[in-house]
file structure_8.txt (compact mmCIF, C-alpha atoms)
# COMPACT_ATOMS: atom_id res chain seq x y z
CA MET Z 628 0.00 0.00 0.00
CA ALA Z 629 2.81 2.41 0.90
CA SER Z 630 4.67 1.67 -2.34
CA ASN Z 631 1.51 2.32 -4.36
CA LEU Z 632 0.96 5.63 -2.63
CA ALA Z 633 4.57 6.65 -3.20
CA ARG Z 634 4.17 5.89 -6.90
CA LEU Z 635 0.97 7.95 -7.05
CA VAL Z 636 2.64 10.87 -5.29
CA ARG Z 637 5.02 11.21 -8.20
CA ARG Z 638 2.03 11.25 -10.58
CA PRO Z 639 -0.45 13.91 -9.45
CA ILE Z 640 -2.82 13.45 -12.42
CA ALA Z 641 -3.00 9.74 -11.89
CA THR Z 642 -3.68 10.31 -8.21
CA LEU Z 643 -6.64 12.54 -9.03
CA PHE Z 644 -8.19 10.00 -11.42
CA LEU Z 645 -7.59 7.18 -8.94
CA PHE Z 646 -9.53 8.98 -6.22
CA ARG Z 647 -12.33 9.74 -8.66
CA SER Z 648 -12.60 6.05 -9.52
CA TYR Z 649 -13.66 5.25 -5.95
CA ARG Z 650 -17.08 6.60 -5.23
CA HIS Z 651 -16.73 6.35 -1.46
CA VAL Z 652 -13.74 8.76 -1.47
CA ARG Z 653 -14.77 10.99 -4.35
CA ASN Z 654 -15.37 13.95 -2.04
CA PHE Z 655 -12.74 14.79 0.52
CA SER Z 656 -11.16 17.70 2.37
CA HIS Z 657 -7.74 19.32 1.76
CA HIS Z 658 -4.85 16.86 1.61
CA ILE Z 659 -1.27 17.84 1.08
CA LEU Z 660 0.71 14.92 -0.23
CA PRO Z 661 4.47 15.28 -0.64
CA GLY Z 662 4.95 17.03 -3.95
CA THR Z 663 1.28 17.39 -4.97
CA TRP Z 664 -1.99 19.08 -4.05
CA ILE Z 665 -5.58 17.97 -4.44
CA PRO Z 666 -8.56 20.38 -4.33
CA SER Z 667 -11.18 20.14 -1.62
CA GLY Z 668 -14.67 18.67 -1.69
CA SER Z 669 -17.58 18.62 0.67
CA LYS Z 670 -17.15 15.39 2.67
CA PRO Z 671 -15.26 15.36 6.00
CA MET Z 672 -11.65 14.44 5.55
CA ARG Z 673 -11.78 11.82 8.28
CA GLU Z 674 -13.29 9.42 5.71
CA VAL Z 675 -10.12 9.69 3.64
CA ILE Z 676 -7.74 9.63 6.61
CA GLN Z 677 -9.05 6.19 7.54
CA LEU Z 678 -7.87 4.89 4.17
CA LEU Z 679 -4.27 5.95 4.79
CA PRO Z 680 -1.88 3.62 6.69
CA LYS Z 681 -0.74 4.75 10.10
CA ASN Z 682 2.89 5.04 9.02
CA SER Z 683 2.10 6.79 5.73
CA PRO Z 684 4.41 9.70 4.81
CA CYS Z 685 1.33 11.66 3.66
CA GLN Z 686 0.71 14.93 5.48
CA VAL Z 687 -2.90 15.88 6.26
CA TRP Z 688 -3.92 19.53 6.74
CA SER Z 689 -7.37 21.00 7.33
CA ARG Z 690 -7.85 24.71 6.76
CA ALA Z 691 -9.69 26.63 9.50
CA PHE Z 692 -12.12 28.32 7.12
CA SER Z 693 -13.68 25.09 5.87
CA SER Z 694 -17.35 25.83 5.39
CA GLU Z 695 -18.26 22.23 6.20
CA ASN Z 696 -16.78 22.57 9.67
CA GLY Z 697 -18.80 25.76 10.19
CA ASP Z 698 -15.76 27.82 11.14
CA LEU Z 699 -16.77 30.89 9.12
CA ILE Z 700 -19.92 32.71 10.19
CA ASP Z 701 -21.59 35.55 8.29
CA ALA Z 702 -22.63 38.74 10.09
CA VAL Z 703 -25.74 40.08 8.38
CA VAL Z 704 -27.96 43.14 8.69
CA PRO Z 705 -30.79 42.43 11.17
CA PHE Z 706 -34.49 43.12 10.75
CA MET Z 707 -34.91 46.90 10.88
CA GLY Z 708 -38.65 47.35 11.40
CA GLU Z 709 -41.96 47.00 9.63
CA SER Z 710 -41.75 50.28 7.71
CA ILE Z 711 -38.00 50.19 6.94
CA THR Z 712 -36.82 48.30 3.87
CA ASP Z 713 -33.20 49.42 3.59
CA GLY Z 714 -30.49 51.51 5.20
CA THR Z 715 -27.00 52.90 4.69
CA LEU Z 716 -23.94 51.19 6.13
CA ALA Z 717 -22.71 54.20 8.09
CA THR Z 718 -19.53 53.01 9.81
CA PHE Z 719 -17.53 49.99 10.92
CA LEU Z 720 -16.85 49.77 14.65
CA LYS Z 721 -14.17 47.09 14.23
CA LYS Z 722 -11.35 46.27 11.81
CA PRO Z 723 -10.38 43.00 10.09
CA GLY Z 724 -8.36 40.93 12.54
CA ASP Z 725 -10.10 42.31 15.65
CA LYS Z 726 -11.52 39.86 18.17
CA VAL Z 727 -15.24 40.14 18.87
CA GLU Z 728 -17.60 38.59 21.38
CA VAL Z 729 -21.11 37.26 20.86
CA ASP Z 730 -23.60 40.06 20.08
CA GLU Z 731 -20.83 42.66 20.06
CA PRO Z 732 -21.59 45.45 17.53
CA ILE Z 733 -19.22 45.49 14.55
CA ALA Z 734 -21.00 48.02 12.31
CA GLN Z 735 -23.85 50.52 12.30
CA VAL Z 736 -26.61 50.89 9.73
CA GLU Z 737 -28.31 54.27 9.47
CA THR Z 738 -32.00 54.22 8.51
CA ASP Z 739 -34.61 56.89 8.00
CA LYS Z 740 -35.51 56.78 11.69
CA VAL Z 741 -32.86 55.10 13.85
CA THR Z 742 -29.33 53.72 13.80
CA ILE Z 743 -29.16 49.92 14.06
CA ASP Z 744 -26.17 47.84 15.16
CA VAL Z 745 -24.91 44.85 13.19
CA ALA Z 746 -23.82 42.38 15.87
CA SER Z 747 -21.43 39.44 15.66
CA PRO Z 748 -23.38 36.14 15.81
CA GLU Z 749 -20.43 34.26 17.34
CA ALA Z 750 -17.25 34.99 19.25
CA GLY Z 751 -14.18 34.97 17.06
CA VAL Z 752 -12.02 37.09 14.79
CA ILE Z 753 -13.20 39.30 11.94
CA GLU Z 754 -11.93 37.64 8.78
CA LYS Z 755 -12.99 40.37 6.36
CA PHE Z 756 -15.68 42.88 5.47
CA VAL Z 757 -17.73 42.15 2.37
CA ALA Z 758 -19.53 45.52 2.26
CA ASN Z 759 -18.29 49.09 2.18
CA GLU Z 760 -19.24 52.18 4.14
CA GLY Z 761 -21.95 54.08 2.30
CA ASP Z 762 -23.48 50.98 0.71
CA THR Z 763 -27.26 50.60 0.74
CA VAL Z 764 -28.10 47.39 2.58
CA THR Z 765 -31.28 45.46 3.31
CA PRO Z 766 -32.13 42.98 6.10
CA GLY Z 767 -30.09 39.83 5.56
CA THR Z 768 -27.29 41.55 3.63
CA LYS Z 769 -23.91 40.01 4.38
CA VAL Z 770 -21.59 42.57 6.02
CA ALA Z 771 -18.67 40.64 7.48
CA VAL Z 772 -17.19 37.16 7.85
CA ILE Z 773 -16.35 35.98 11.37
CA SER Z 774 -13.86 33.17 12.01
CA LYS Z 775 -14.53 31.18 15.17
CA SER Z 776 -11.13 29.48 15.13
CA ALA Z 777 -8.19 31.22 16.81
CA ALA Z 778 -5.84 29.24 14.57
CA ASN Z 779 -7.14 31.19 11.61
CA VAL Z 780 -5.21 34.21 12.81
CA THR Z 781 -1.90 32.38 12.41
CA HIS Z 782 -2.68 31.54 8.78
CA ILE Z 783 -3.64 35.12 7.98
CA ALA Z 784 -0.73 36.84 9.66
CA PRO Z 785 2.07 35.61 7.34
CA SER Z 786 0.04 36.34 4.21
CA GLU Z 787 -0.64 39.86 5.44
CA GLU Z 788 2.99 40.56 6.27
CA LYS Z 789 4.34 39.55 2.86
CA PRO Z 790 2.29 41.94 0.81
CA GLY Z 791 3.11 44.63 3.33
CA LYS Z 792 6.83 44.15 2.78
CA GLU Z 793 6.42 43.87 -0.96
CA ALA Z 794 4.33 47.03 -0.98
CA ALA Z 795 7.07 48.84 0.91
CA LYS Z 796 9.75 47.97 -1.66
CA PRO Z 797 8.26 49.74 -4.68
CA SER Z 798 7.80 52.94 -2.66
CA PRO Z 799 11.14 54.52 -3.82
CA PRO Z 800 10.28 54.17 -7.54
CA ALA Z 801 6.80 55.46 -6.77
CA GLU Z 802 8.36 58.59 -5.33
CA LYS Z 803 10.44 59.01 -8.45
CA GLU Z 804 7.34 58.76 -10.60
CA VAL Z 805 5.69 61.46 -8.53
CA GLU Z 806 8.73 63.72 -8.78
CA LYS Z 807 8.84 63.58 -12.59
CA PRO Z 808 5.43 65.15 -13.28
CA LYS Z 809 6.21 67.92 -10.76
CA VAL Z 810 8.75 69.42 -13.18
CA GLU Z 811 6.41 69.28 -16.21
CA PRO Z 812 3.59 71.42 -14.75
CA SER Z 813 6.09 74.09 -13.76
CA ILE Z 814 7.23 74.32 -17.38
CA LYS Z 815 3.65 74.55 -18.67
CA GLU Z 816 2.68 77.20 -16.14
CA LYS Z 817 5.46 79.61 -17.10
CA PRO Z 818 3.99 80.69 -20.47
CA LYS Z 819 0.55 81.14 -18.82
CA ALA Z 820 1.85 83.46 -16.10
CA PRO Z 821 2.40 86.60 -18.24
CA SER Z 822 -1.05 86.39 -19.91
CA PRO Z 823 -3.15 89.42 -18.78
CA ALA Z 824 -6.53 87.69 -19.33
CA PRO Z 825 -7.22 86.50 -15.71
CA PRO Z 826 -6.90 89.97 -14.09
CA LYS Z 827 -9.42 91.46 -16.56
CA ALA Z 828 -11.98 88.71 -15.87
CA ALA Z 829 -11.55 89.15 -12.11
CA ALA Z 830 -12.14 92.88 -12.38
CA SER Z 831 -15.37 92.52 -14.33
CA GLU Z 832 -16.85 89.52 -12.48
CA PRO Z 833 -17.74 89.25 -8.76
CA ARG Z 834 -15.15 87.45 -6.69
CA LEU Z 835 -16.46 84.17 -5.29
CA PRO Z 836 -14.90 82.08 -2.52
CA PRO Z 837 -12.59 79.40 -3.94
CA LYS Z 838 -13.96 75.88 -4.16
CA GLU Z 839 -11.12 74.69 -1.92
CA ARG Z 840 -12.84 76.42 1.01
CA GLU Z 841 -16.05 74.43 0.54
CA ARG Z 842 -16.73 70.92 1.79
CA ARG Z 843 -19.36 68.63 0.26
CA VAL Z 844 -20.60 65.63 2.26
CA PRO Z 845 -23.49 63.22 1.63
CA MET Z 846 -26.67 63.95 3.58
CA PRO Z 847 -27.41 61.35 6.29
CA ARG Z 848 -30.52 59.26 5.80
CA LEU Z 849 -32.09 60.58 9.01
CA ARG Z 850 -31.66 64.17 7.81
CA LYS Z 851 -33.13 63.23 4.39
CA ARG Z 852 -36.15 61.72 6.12
CA VAL Z 853 -36.66 64.75 8.36
CA ALA Z 854 -36.35 67.12 5.40
CA THR Z 855 -38.86 65.13 3.35
CA ARG Z 856 -41.44 64.91 6.15
CA LEU Z 857 -41.20 68.60 7.05
CA LYS Z 858 -41.55 69.68 3.42
CA ASP Z 859 -44.50 67.32 2.96
CA SER Z 860 -46.06 68.92 6.04
CA GLN Z 861 -45.76 72.38 4.50
CA ASN Z 862 -47.10 71.21 1.14
CA THR Z 863 -50.06 69.25 2.58
CA PHE Z 864 -51.31 71.13 5.64
CA ALA Z 865 -52.87 74.58 5.82
CA LEU Z 866 -50.50 75.69 8.56
CA LEU Z 867 -51.51 78.45 10.94
CA THR Z 868 -49.96 79.44 14.27
CA THR Z 869 -51.55 81.14 17.27
CA PHE Z 870 -49.61 82.48 20.26
CA ASN Z 871 -50.09 83.16 23.95
CA GLU Z 872 -47.94 83.86 26.98
CA VAL Z 873 -47.83 81.97 30.25
CA ASP Z 874 -46.88 83.16 33.72
CA MET Z 875 -44.63 80.41 35.07
CA THR Z 876 -44.61 81.67 38.69
CA ASN Z 877 -46.87 79.04 40.27
CA LEU Z 878 -45.50 76.04 38.37
CA MET Z 879 -41.91 77.04 39.19
CA LYS Z 880 -42.87 77.56 42.86
CA LEU Z 881 -44.52 74.12 42.92
CA ARG Z 882 -41.35 72.53 41.59
CA SER Z 883 -39.15 74.47 44.02
CA ASP Z 884 -41.26 73.51 47.05
CA TYR Z 885 -41.50 69.78 46.34
CA LYS Z 886 -38.39 68.97 44.27
CA ASP Z 887 -36.50 67.33 47.17
CA ALA Z 888 -39.45 65.25 48.38
CA PHE Z 889 -40.24 64.30 44.78
CA VAL Z 890 -36.72 62.99 44.14
CA GLU Z 891 -36.66 61.15 47.47
CA LYS Z 892 -39.90 59.29 46.74
CA HIS Z 893 -39.77 58.74 42.99
CA GLY Z 894 -36.03 58.80 42.25
CA VAL Z 895 -36.40 61.36 39.45
CA LYS Z 896 -36.33 65.16 39.32
CA LEU Z 897 -39.53 67.15 38.90
CA GLY Z 898 -39.26 69.20 35.72
CA LEU Z 899 -41.46 71.63 33.84
CA MET Z 900 -42.14 69.27 30.95
CA SER Z 901 -44.39 66.99 33.00
CA GLY Z 902 -46.53 70.00 33.90
CA PHE Z 903 -46.98 70.90 30.22
CA VAL Z 904 -47.76 67.28 29.33
CA LYS Z 905 -50.51 67.19 31.94
CA ALA Z 906 -51.78 70.55 30.70
CA ALA Z 907 -51.77 69.27 27.11
CA VAL Z 908 -53.72 66.16 28.14
CA SER Z 909 -56.36 68.35 29.79
CA ALA Z 910 -56.57 70.63 26.75
CA LEU Z 911 -56.85 67.66 24.33
CA GLN Z 912 -59.70 66.27 26.40
CA ASN Z 913 -61.47 69.63 26.24
CA GLN Z 914 -60.85 70.04 22.50
CA PRO Z 915 -60.89 66.53 20.92
CA ILE Z 916 -60.58 67.96 17.39
CA ILE Z 917 -56.94 68.84 18.14
CA ASN Z 918 -56.30 65.11 18.70
CA ALA Z 919 -58.00 64.14 15.41
CA VAL Z 920 -56.56 63.83 11.90
CA ILE Z 921 -57.80 63.98 8.30
CA ASP Z 922 -57.61 60.71 6.36
CA GLY Z 923 -58.75 61.19 2.78
CA GLU Z 924 -62.33 62.43 3.03
CA ASP Z 925 -62.76 61.20 6.62
CA ILE Z 926 -61.86 62.54 10.06
CA ILE Z 927 -60.32 60.08 12.52
CA TYR Z 928 -60.99 60.89 16.17
CA ARG Z 929 -58.43 59.22 18.41
CA GLU Z 930 -59.75 57.87 21.70
CA TYR Z 931 -56.24 57.74 23.16
CA ILE Z 932 -53.66 60.41 23.92
CA ASP Z 933 -50.09 59.57 22.85
CA ILE Z 934 -47.90 62.65 23.16
CA SER Z 935 -44.70 62.89 21.13
CA ILE Z 936 -41.74 64.80 22.59
CA ALA Z 937 -39.35 66.34 20.06
CA VAL Z 938 -35.72 65.61 21.03
CA GLY Z 939 -32.75 67.09 19.22
CA THR Z 940 -29.79 64.69 18.93
CA PRO Z 941 -26.37 65.07 17.29
CA LYS Z 942 -27.63 62.98 14.35
CA GLY Z 943 -30.93 64.82 13.91
CA LEU Z 944 -34.42 65.29 15.29
CA VAL Z 945 -36.26 62.30 16.73
CA VAL Z 946 -39.74 62.23 18.27
CA PRO Z 947 -40.25 59.50 20.91
CA VAL Z 948 -43.79 58.91 22.12
CA ILE Z 949 -45.29 58.87 25.63
CA ARG Z 950 -48.01 56.21 25.37
CA ASP Z 951 -51.33 56.79 27.16
CA ALA Z 952 -50.14 60.03 28.72
CA ASP Z 953 -53.65 60.64 30.09
CA LYS Z 954 -53.21 57.64 32.42
CA MET Z 955 -49.85 58.76 33.88
CA ASN Z 956 -49.01 60.87 36.89
CA PHE Z 957 -46.19 63.41 37.12
CA ALA Z 958 -43.57 60.86 38.24
CA GLU Z 959 -44.39 58.37 35.47
CA ILE Z 960 -44.20 61.10 32.86
CA GLU Z 961 -40.83 62.35 34.11
CA LYS Z 962 -39.39 58.81 34.18
CA THR Z 963 -40.63 58.07 30.67
CA ILE Z 964 -39.23 61.33 29.28
CA ASN Z 965 -35.81 60.73 30.87
CA THR Z 966 -35.63 57.16 29.55
CA LEU Z 967 -36.64 58.10 26.00
CA ALA Z 968 -34.34 61.14 25.90
CA LYS Z 969 -31.36 59.07 27.04
CA LYS Z 970 -32.03 56.42 24.40
CA ALA Z 971 -32.42 59.08 21.73
CA ASN Z 972 -29.07 60.71 22.55
CA ASP Z 973 -27.33 57.32 22.77
CA GLY Z 974 -28.81 56.22 19.45
CA THR Z 975 -30.43 53.13 20.99
CA ILE Z 976 -34.06 54.17 20.66
CA SER Z 977 -36.22 51.70 18.76
CA ILE Z 978 -38.67 52.36 15.95
CA ASP Z 979 -41.61 51.23 18.08
CA GLU Z 980 -40.79 53.92 20.64
CA MET Z 981 -41.15 56.60 17.95
CA ALA Z 982 -44.11 55.23 15.99
CA GLY Z 983 -47.51 56.85 16.27
CA GLY Z 984 -48.28 59.83 18.45
CA SER Z 985 -51.40 62.00 18.29
CA PHE Z 986 -49.92 65.34 19.44
CA THR Z 987 -46.40 66.78 19.72
CA ILE Z 988 -44.68 69.09 22.20
CA SER Z 989 -41.46 70.82 21.12
CA ASN Z 990 -39.39 72.68 23.71
CA GLY Z 991 -37.15 75.14 21.90
CA GLY Z 992 -36.62 76.98 25.16
CA VAL Z 993 -33.85 74.60 26.19
CA TYR Z 994 -31.78 76.15 23.37
CA GLY Z 995 -32.78 79.73 24.24
CA SER Z 996 -35.52 80.22 21.64
CA LEU Z 997 -37.78 83.15 22.55
CA LEU Z 998 -40.45 82.60 19.88
CA SER Z 999 -40.97 80.24 16.94
CA THR Z 1000 -43.59 78.67 14.68
CA PRO Z 1001 -43.18 74.87 14.92
CA ILE Z 1002 -44.10 72.59 12.00
CA ILE Z 1003 -46.65 69.80 12.40
CA ASN Z 1004 -45.33 66.26 12.59
CA PRO Z 1005 -47.46 64.18 10.14
CA PRO Z 1006 -49.89 62.47 10.50
CA GLN Z 1007 -50.79 64.71 13.43
CA SER Z 1008 -52.85 67.89 13.22
CA ALA Z 1009 -51.17 70.21 15.74
CA ILE Z 1010 -47.97 70.86 17.67
CA LEU Z 1011 -47.28 72.90 20.82
CA GLY Z 1012 -44.13 75.00 20.98
CA MET Z 1013 -42.53 75.90 24.32
CA HIS Z 1014 -39.91 78.64 24.61
CA SER Z 1015 -37.45 80.17 27.02
CA ILE Z 1016 -38.54 81.70 30.34
CA VAL Z 1017 -37.72 85.40 30.59
CA ASN Z 1018 -38.43 87.81 33.44
CA ARG Z 1019 -40.59 90.61 32.08
CA PRO Z 1020 -42.54 93.45 33.72
CA MET Z 1021 -46.20 92.47 34.07
CA VAL Z 1022 -49.21 94.22 35.55
CA VAL Z 1023 -50.57 92.21 38.50
CA ASP Z 1024 -53.41 93.66 40.58
CA GLY Z 1025 -52.65 97.13 39.24
CA ASN Z 1026 -48.93 96.90 40.07
CA ILE Z 1027 -45.98 96.41 37.72
CA VAL Z 1028 -43.99 93.40 38.95
CA PRO Z 1029 -41.37 91.15 37.37
CA ARG Z 1030 -42.71 87.74 36.31
CA PRO Z 1031 -41.11 84.67 34.66
CA MET Z 1032 -42.96 84.56 31.35
CA MET Z 1033 -42.95 82.05 28.49
CA TYR Z 1034 -44.37 82.45 25.00
CA THR Z 1035 -46.31 79.42 23.76
CA ALA Z 1036 -47.24 78.67 20.14
CA LEU Z 1037 -49.75 76.26 18.64
CA THR Z 1038 -49.38 75.39 14.96
CA TYR Z 1039 -52.44 73.57 13.63
CA ASP Z 1040 -53.95 72.28 10.40
CA HIS Z 1041 -56.53 74.91 9.48
CA ARG Z 1042 -58.28 72.44 7.14
CA LEU Z 1043 -59.51 70.58 10.23
CA ILE Z 1044 -59.15 72.96 13.16
CA ASP Z 1045 -60.76 76.37 13.30
CA GLY Z 1046 -59.16 79.33 15.03
CA ARG Z 1047 -61.74 79.17 17.82
CA GLU Z 1048 -60.73 75.64 18.89
CA ALA Z 1049 -57.04 76.48 18.57
CA VAL Z 1050 -57.33 79.55 20.80
CA PHE Z 1051 -59.43 77.67 23.38
CA PHE Z 1052 -56.83 74.89 23.41
CA LEU Z 1053 -53.92 77.26 24.00
CA ARG Z 1054 -55.92 79.15 26.59
CA ARG Z 1055 -56.48 75.89 28.50
CA ILE Z 1056 -52.72 75.27 28.49
CA LYS Z 1057 -52.20 78.74 29.96
CA ASP Z 1058 -54.83 78.28 32.69
CA VAL Z 1059 -53.52 74.90 33.87
CA VAL Z 1060 -49.85 75.93 33.90
CA GLU Z 1061 -50.54 79.18 35.71
CA ASP Z 1062 -52.71 77.40 38.32
CA PRO Z 1063 -51.85 73.64 38.57
CA ARG Z 1064 -54.56 73.24 41.27
CA ARG Z 1065 -57.08 73.07 38.42
CA LEU Z 1066 -55.84 69.54 37.67
CA LEU Z 1067 -56.77 68.39 41.18
CA LEU Z 1068 -60.20 69.96 41.09
CA ASP Z 1069 -60.86 69.14 37.40
CA LEU Z 1070 -61.62 72.80 36.62
call {"tool": "encode", "arguments": {"input": "structure_8.txt", "output": "structure tokens"}}
result
Amino acid sequence: MASNLARLVRRPIATLFLFRSYRHVRNFSHHILPGTWIPSGSKPMREVIQLLPKNSPCQVWSRAFSSENGDLIDAVVPFMGESITDGTLATFLKKPGDKVEVDEPIAQVETDKVTIDVASPEAGVIEKFVANEGDTVTPGTKVAVISKSAANVTHIAPSEEKPGKEAAKPSPPAEKEVEKPKVEPSIKEKPKAPSPAPPKAAASEPRLPPKERERRVPMPRLRKRVATRLKDSQNTFALLTTFNEVDMTNLMKLRSDYKDAFVEKHGVKLGLMSGFVKAAVSALQNQPIINAVIDGEDIIYREYIDISIAVGTPKGLVVPVIRDADKMNFAEIEKTINTLAKKANDGTISIDEMAGGSFTISNGGVYGSLLSTPIINPPQSAILGMHSIVNRPMVVDGNIVPRPMMYTALTYDHRLIDGREAVFFLRRIKDVVEDPRRLLLDL
């Protein structure tokens, strides 16, 4: 048997035909025989190893990336939500050769609404990336190949070093090639220098900033989505804004008096936003048309109150939703707002947490805005704008006294909501904020 194998080793073609003549060893894994090489198949190589004598000089080698052994695992784009069909591969969080753990993020996909992580399905080493940053990907798209075997790193390292050294050698001639064209442009520019044409054109035409001082970057998908929705809102709705001003004295005094006890009992700070949410709930209950929406030739009256809170993040504007706000107390509202705002800033907020919403509150006052006209968030019919608190002289009981005042704005769809309902709604906001006791007495 050994003599026959030695004879076949010297004849690689004969060896290949011999193996093909035996059906039970037609498919086999990598085998390196002295002086020859045979391509791989799909059967485990242990079936062929059993055919070799124990003292055979044949060397057997199994590569770590054999697909049959399941060493290589694909990292794919996960399901992104019911209304999202694709996204943009924004950035890679790892590099080829980096070790990753199970469910560790290796890339981020930016969608119209949120940023989604592509996680590693197994612990191992990143073999390679099969997609590029900026590519449009869909759920199930292959992004990277993960090797579960640590031995795979040893096979990759030598192959990576060689091209690195070879690439370093041709660098001197590359420099020479770069130096040669440097002389040619200087020769061509000399005859152009004395021509008087450019000064005349500059004198007659306005001077514009050079293109080198401009920077063009692709627009993120989230910003595209926001731009499209806001422009659709302007093109679809008959937008109209009404204003009022609110004396914040009593609400600020309420927060100052009970802030310590509130934190001690509920573990969260008492803010002004919860007061405006409760006021908005009361106003929506008094004016149900503000909570409705036009759908074709019908009007849909919502029997629930889901209030969206506009949150500005470094990547763009997101609008998480407080579900069933009419059933929450001050502490529950504050906890929900803090949780959603943290997720929005961290980029971990889910699509479900932003879907829906029947009314929106936008607080531009946190950025110092004194007055603005907010734009409706479709498919809603109105939005409340809060602004900065400024001490202004006000007449109270015939006396001029300083008061912390805030301008409020309500933008509404005039196709559905008349000015009367809009003014009554904003007036109810003013009454409840200026005297929070109305909420206790249902007045």
call {"tool": "closest_residue", "arguments": {"input": "structure_8.txt", "among": "Z:Val904, Z:Val757, Z:Leu716, Z:Ala1009", "to": "Z:Asp951", "atoms": "only C-alpha atoms"}}
result
Z:Val904
call {"tool": "residues_around", "arguments": {"input": "structure_8.txt", "residues": "Z:Ile926", "least_positions_apart": "2", "cutoff": "12 Å", "atoms": "all atoms listed in the file", "output": "JSON, numbers by chain"}}
result
{"Z": [915, 916, 917, 918, 919, 920, 921, 922, 923, 924, 928, 929, 1006, 1007, 1008, 1042, 1043, 1044]}
call {"tool": "residues_around", "arguments": {"input": "structure_8.txt", "residues": "Z:Ala937", "least_positions_apart": "2", "cutoff": "7 Å", "atoms": "all atoms listed in the file", "output": "count of residues only"}}
result
8
call {"tool": "closest_atom_pairs", "arguments": {"input": "structure_8.txt", "of": "stretch 886-990 of chain Z", "to": "stretch 834-849 of chain Z", "cutoff": "12 Å", "atoms": "only C-alpha atoms", "output": "CSV"}}
result
residue,atom,partner,partner_atom,distance
Z:Thr940,CA,Z:Leu849,CA,11.0
Z:Pro941,CA,Z:Leu849,CA,11.0
Z:Lys942,CA,Z:Leu849,CA,7.4
Z:Gly943,CA,Z:Leu849,CA,6.6
Z:Leu944,CA,Z:Leu849,CA,8.2
Z:Val945,CA,Z:Leu849,CA,8.9
Z:Gly974,CA,Z:Leu849,CA,11.8
call {"tool": "residues_around", "arguments": {"input": "structure_8.txt", "residues": "Z:Ile932", "least_positions_apart": "3", "cutoff": "10 Å", "atoms": "all atoms listed in the file", "output": "JSON, numbers by chain"}}
result
{"Z": [907, 908, 911, 912, 915, 918, 929, 935, 949, 950, 951, 952, 953, 954, 984, 985, 986]}
call {"tool": "atom_distance", "arguments": {"input": "structure_8.txt", "atom1": "atom CA of Z:Gly767", "atom2": "atom CA of Z:Val745"}}
result
10.5 Å
call {"tool": "closest_residue", "arguments": {"input": "structure_8.txt", "among": "Z:Met955, Z:Ala906, Z:Ala854, Z:Val752", "to": "Z:Leu1070", "atoms": "all atoms listed in the file"}}
result
Z:Ala906
call {"tool": "atom_distance", "arguments": {"input": "structure_8.txt", "atom1": "atom CA of Z:Val741", "atom2": "atom CA of Z:Met900"}}
result
24.1 Å
call {"tool": "residues_around", "arguments": {"input": "structure_8.txt", "residues": "Z:Phe719", "least_positions_apart": "2", "cutoff": "8 Å", "atoms": "only C-alpha atoms", "output": "ChimeraX atom specification"}}
result
/Z:717,721-722,733-735,760
call {"tool": "closest_residue", "arguments": {"input": "structure_8.txt", "among": "Z:Asp739, Z:Glu749, Z:Asp933, Z:Asp1058", "to": "Z:Thr855", "atoms": "all atoms listed in the file"}}
result
Z:Asp739
